[in-house]
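K.L.:
Enclosed is the structure file target-v7.cif (mmCIF, N, CA and C atoms).
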data_work
#
loop_
_atom_site.group_PDB
_atom_site.id
_atom_site.type_symbol
_atom_site.label_atom_id
_atom_site.label_comp_id
_atom_site.auth_asym_id
_atom_site.auth_seq_id
_atom_site.Cartn_x
_atom_site.Cartn_y
_atom_site.Cartn_z
ATOM 1 N N MET A 1 7.168 9.352 41.025
ATOM 2 C CA MET A 1 7.310 8.796 39.690
ATOM 3 C C MET A 1 7.362 7.274 39.741
ATOM 4 N N VAL A 2 8.032 6.732 40.738
ATOM 5 C CA VAL A 2 8.147 5.283 40.851
ATOM 6 C C VAL A 2 6.784 4.660 41.120
ATOM 7 N N SER A 3 5.962 5.339 41.901
ATOM 8 C CA SER A 3 4.657 4.774 42.248
ATOM 9 C C SER A 3 3.744 4.647 41.025
ATOM 10 N N ILE A 4 3.870 5.534 40.080
ATOM 11 C CA ILE A 4 3.014 5.456 38.888
ATOM 12 C C ILE A 4 3.364 4.239 38.035
ATOM 13 N N THR A 5 4.635 3.860 37.998
ATOM 14 C CA THR A 5 5.033 2.711 37.191
ATOM 15 C C THR A 5 4.579 1.392 37.799
ATOM 16 N N LYS A 6 4.230 1.410 39.063
ATOM 17 C CA LYS A 6 3.735 0.201 39.727
ATOM 18 C C LYS A 6 2.217 0.082 39.623
ATOM 19 N N ASN A 7 1.577 1.097 39.129
ATOM 20 C CA ASN A 7 0.135 1.115 38.981
ATOM 21 C C ASN A 7 -0.283 0.152 37.866
ATOM 22 N N PRO A 8 -1.168 -0.816 38.155
ATOM 23 C CA PRO A 8 -1.582 -1.790 37.120
ATOM 24 C C PRO A 8 -2.220 -1.140 35.894
ATOM 25 N N ALA A 9 -2.982 -0.084 36.088
ATOM 26 C CA ALA A 9 -3.616 0.596 34.959
ATOM 27 C C ALA A 9 -2.560 1.236 34.059
ATOM 28 N N PHE A 10 -1.530 1.802 34.683
ATOM 29 C CA PHE A 10 -0.443 2.412 33.912
ATOM 30 C C PHE A 10 0.299 1.343 33.111
ATOM 31 N N LYS A 11 0.587 0.210 33.742
ATOM 32 C CA LYS A 11 1.268 -0.885 33.049
ATOM 33 C C LYS A 11 0.432 -1.384 31.884
ATOM 34 N N LYS A 12 -0.872 -1.499 32.099
ATOM 35 C CA LYS A 12 -1.761 -1.957 31.035
ATOM 36 C C LYS A 12 -1.768 -0.961 29.874
ATOM 37 N N ALA A 13 -1.821 0.327 30.196
ATOM 38 C CA ALA A 13 -1.815 1.359 29.161
ATOM 39 C C ALA A 13 -0.503 1.336 28.382
ATOM 40 N N CYS A 14 0.615 1.174 29.081
ATOM 41 C CA CYS A 14 1.918 1.112 28.413
ATOM 42 C C CYS A 14 2.000 -0.104 27.501
ATOM 43 N N ALA A 15 1.516 -1.242 27.966
ATOM 44 C CA ALA A 15 1.530 -2.454 27.150
ATOM 45 C C ALA A 15 0.685 -2.257 25.897
ATOM 46 N N SER A 16 -0.427 -1.580 26.044
ATOM 47 C CA SER A 16 -1.301 -1.316 24.901
ATOM 48 C C SER A 16 -0.607 -0.412 23.881
ATOM 49 N N VAL A 17 0.036 0.630 24.366
ATOM 50 C CA VAL A 17 0.729 1.559 23.474
ATOM 51 C C VAL A 17 1.865 0.849 22.736
ATOM 52 N N VAL A 18 2.632 0.041 23.462
ATOM 53 C CA VAL A 18 3.731 -0.688 22.831
ATOM 54 C C VAL A 18 3.177 -1.680 21.817
ATOM 55 N N GLY A 19 2.091 -2.360 22.163
ATOM 56 C CA GLY A 19 1.476 -3.307 21.232
ATOM 57 C C GLY A 19 1.006 -2.632 19.960
ATOM 58 N N LYS A 20 0.375 -1.477 20.098
ATOM 59 C CA LYS A 20 -0.082 -0.734 18.913
ATOM 60 C C LYS A 20 1.102 -0.257 18.083
ATOM 61 N N GLY A 21 2.181 0.133 18.748
ATOM 62 C CA GLY A 21 3.379 0.557 18.033
ATOM 63 C C GLY A 21 3.985 -0.585 17.228
ATOM 64 N N LEU A 22 4.035 -1.768 17.815
ATOM 65 C CA LEU A 22 4.563 -2.932 17.107
ATOM 66 C C LEU A 22 3.674 -3.299 15.921
ATOM 67 N N GLN A 23 2.356 -3.201 16.107
ATOM 68 C CA GLN A 23 1.437 -3.491 15.005
ATOM 69 C C GLN A 23 1.623 -2.478 13.875
ATOM 70 N N LEU A 24 1.795 -1.218 14.232
ATOM 71 C CA LEU A 24 2.034 -0.167 13.234
ATOM 72 C C LEU A 24 3.325 -0.446 12.464
ATOM 73 N N LYS A 25 4.362 -0.865 13.171
ATOM 74 C CA LYS A 25 5.636 -1.196 12.528
ATOM 75 C C LYS A 25 5.457 -2.344 11.543
ATOM 76 N N ASP A 26 4.733 -3.373 11.960
ATOM 77 C CA ASP A 26 4.494 -4.518 11.082
ATOM 78 C C ASP A 26 3.685 -4.117 9.847
ATOM 79 N N ASP A 27 2.663 -3.290 10.064
ATOM 80 C CA ASP A 27 1.847 -2.829 8.936
ATOM 81 C C ASP A 27 2.667 -1.990 7.960
ATOM 82 N N ALA A 28 3.522 -1.133 8.504
ATOM 83 C CA ALA A 28 4.367 -0.293 7.649
ATOM 84 C C ALA A 28 5.350 -1.154 6.852
ATOM 85 N N ALA A 29 5.905 -2.178 7.487
ATOM 86 C CA ALA A 29 6.840 -3.064 6.789
ATOM 87 C C ALA A 29 6.128 -3.826 5.672
ATOM 88 N N ALA A 30 4.909 -4.276 5.931
ATOM 89 C CA ALA A 30 4.145 -4.991 4.901
ATOM 90 C C ALA A 30 3.817 -4.051 3.737
ATOM 91 N N PHE A 31 3.456 -2.820 4.045
ATOM 92 C CA PHE A 31 3.160 -1.845 2.998
ATOM 93 C C PHE A 31 4.410 -1.558 2.161
ATOM 94 N N ALA A 32 5.548 -1.373 2.834
ATOM 95 C CA ALA A 32 6.791 -1.094 2.116
ATOM 96 C C ALA A 32 7.160 -2.264 1.211
ATOM 97 N N GLU A 33 6.966 -3.481 1.682
ATOM 98 C CA GLU A 33 7.265 -4.661 0.873
ATOM 99 C C GLU A 33 6.362 -4.716 -0.352
ATOM 100 N N SER A 34 5.101 -4.361 -0.174
ATOM 101 C CA SER A 34 4.154 -4.344 -1.288
ATOM 102 C C SER A 34 4.563 -3.303 -2.331
ATOM 103 N N VAL A 35 4.952 -2.137 -1.877
ATOM 104 C CA VAL A 35 5.395 -1.079 -2.794
ATOM 105 C C VAL A 35 6.655 -1.527 -3.534
ATOM 106 N N LYS A 36 7.576 -2.169 -2.817
ATOM 107 C CA LYS A 36 8.815 -2.662 -3.432
ATOM 108 C C LYS A 36 8.500 -3.683 -4.520
ATOM 109 N N GLU A 37 7.600 -4.611 -4.237
ATOM 110 C CA GLU A 37 7.237 -5.628 -5.220
ATOM 111 C C GLU A 37 6.576 -5.002 -6.442
ATOM 112 N N ASP A 38 5.711 -4.022 -6.212
ATOM 113 C CA ASP A 38 5.068 -3.334 -7.335
ATOM 114 C C ASP A 38 6.108 -2.619 -8.196
ATOM 115 N N ALA A 39 7.071 -1.984 -7.563
ATOM 116 C CA ALA A 39 8.116 -1.283 -8.310
ATOM 117 C C ALA A 39 8.955 -2.268 -9.118
ATOM 118 N N GLN A 40 9.254 -3.416 -8.537
ATOM 119 C CA GLN A 40 10.023 -4.435 -9.260
ATOM 120 C C GLN A 40 9.241 -4.937 -10.470
ATOM 121 N N ASP A 41 7.933 -5.110 -10.317
ATOM 122 C CA ASP A 41 7.097 -5.531 -11.439
ATOM 123 C C ASP A 41 7.111 -4.498 -12.560
ATOM 124 N N ILE A 42 7.033 -3.237 -12.187
ATOM 125 C CA ILE A 42 7.028 -2.158 -13.180
ATOM 126 C C ILE A 42 8.353 -2.129 -13.934
ATOM 127 N N VAL A 43 9.459 -2.277 -13.211
ATOM 128 C CA VAL A 43 10.778 -2.282 -13.848
ATOM 129 C C VAL A 43 10.907 -3.464 -14.804
ATOM 130 N N ALA A 44 10.468 -4.634 -14.349
ATOM 131 C CA ALA A 44 10.554 -5.826 -15.200
ATOM 132 C C ALA A 44 9.716 -5.655 -16.461
ATOM 133 N N GLU A 45 8.536 -5.091 -16.322
ATOM 134 C CA GLU A 45 7.676 -4.880 -17.484
ATOM 135 C C GLU A 45 8.291 -3.859 -18.437
ATOM 136 N N ALA A 46 8.891 -2.817 -17.889
ATOM 137 C CA ALA A 46 9.534 -1.806 -18.739
ATOM 138 C C ALA A 46 10.706 -2.406 -19.508
ATOM 139 N N LYS A 47 11.498 -3.248 -18.832
ATOM 140 C CA LYS A 47 12.617 -3.903 -19.519
ATOM 141 C C LYS A 47 12.108 -4.797 -20.642
ATOM 142 N N TYR A 48 11.050 -5.551 -20.362
ATOM 143 C CA TYR A 48 10.470 -6.432 -21.379
ATOM 144 C C TYR A 48 9.971 -5.616 -22.563
ATOM 145 N N ASN A 49 9.264 -4.533 -22.281
ATOM 146 C CA ASN A 49 8.743 -3.682 -23.357
ATOM 147 C C ASN A 49 9.872 -3.091 -24.191
ATOM 148 N N ASN A 50 10.968 -2.696 -23.542
ATOM 149 C CA ASN A 50 12.119 -2.161 -24.280
ATOM 150 C C ASN A 50 12.735 -3.222 -25.169
ATOM 151 N N GLN A 51 12.844 -4.449 -24.662
ATOM 152 C CA GLN A 51 13.393 -5.540 -25.473
ATOM 153 C C GLN A 51 12.510 -5.809 -26.681
ATOM 154 N N GLN A 52 11.204 -5.809 -26.477
ATOM 155 C CA GLN A 52 10.286 -6.047 -27.576
ATOM 156 C C GLN A 52 10.359 -4.926 -28.602
ATOM 157 N N ALA A 53 10.515 -3.704 -28.129
ATOM 158 C CA ALA A 53 10.627 -2.559 -29.044
ATOM 159 C C ALA A 53 11.902 -2.663 -29.878
ATOM 160 N N LYS A 54 13.003 -3.087 -29.251
ATOM 161 C CA LYS A 54 14.258 -3.240 -29.986
ATOM 162 C C LYS A 54 14.153 -4.353 -31.017
ATOM 163 N N LYS A 55 13.467 -5.442 -30.689
ATOM 164 C CA LYS A 55 13.266 -6.532 -31.643
ATOM 165 C C LYS A 55 12.429 -6.053 -32.824
ATOM 166 N N GLY A 56 11.452 -5.199 -32.544
ATOM 167 C CA GLY A 56 10.594 -4.669 -33.611
ATOM 168 C C GLY A 56 11.346 -3.744 -34.544
ATOM 169 N N GLU A 57 12.322 -3.019 -34.025
ATOM 170 C CA GLU A 57 13.118 -2.110 -34.852
ATOM 171 C C GLU A 57 14.035 -2.891 -35.794
ATOM 172 N N LYS A 58 14.517 -4.056 -35.340
ATOM 173 C CA LYS A 58 15.426 -4.863 -36.145
ATOM 174 C C LYS A 58 14.696 -5.598 -37.264
ATOM 175 N N ALA A 59 13.428 -5.850 -37.088
ATOM 176 C CA ALA A 59 12.673 -6.636 -38.073
ATOM 177 C C ALA A 59 12.316 -5.857 -39.302
#
As structure tokens, what does this structure read like?
P.N.:
Amino acid sequence: MVSITKNPAFKKACASVVGKGLQLKDDAAAFAESVKEDAQDIVAEAKYNNQQAKKGEKA
């Protein structure tokens, strides 16, 4: 088992897998942030629409 970890090809493959994992994590975080921002926009728009509707009822 120790000899396989010293193999340059194995080290290269492990580095590649870890690199792809980190890229996947970054992509997932960016996607989650985008979804969060979209949800915040929707909430803000809904609040604005509710305020406008209440103003229309009073008029």
K.L.:
Using all atoms of segment 39-48 of chain A listed in the file and a margin of 8 Å per side, can you give the axis-aligned box centre and edge lengths in Å to one decimal, as lines of an AutoDock Vina configuration file?
P.N.:
center_x = 9.8
center_y = -3.9
center_z = -15.1
size_x = 21.6
size_y = 21.1
size_z = 31.0
K.L.:
So what do you get for atom CA of Ala39 of chain A versus atom N of Leu24 of chain A, distance-wise?
P.N.:
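Atom N of Leu24 of chain A lies at a distance of 23.4 Å from atom CA of Ala39 of chain A.
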K.L.:
Go ahead and compute the interatomic distance for atom CA of Gly19 of chain A and atom CA of Ile4 of chain A, in Å to one decimal.
P.N.:
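Those two atoms sit 19.8 Å apart.
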K.L.:
Take atom N of Cys14 of chain A and atom N of Val2 of chain A and report the distance between them in Å, one decimal.
P.N.:
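Those two atoms sit 14.9 Å apart.
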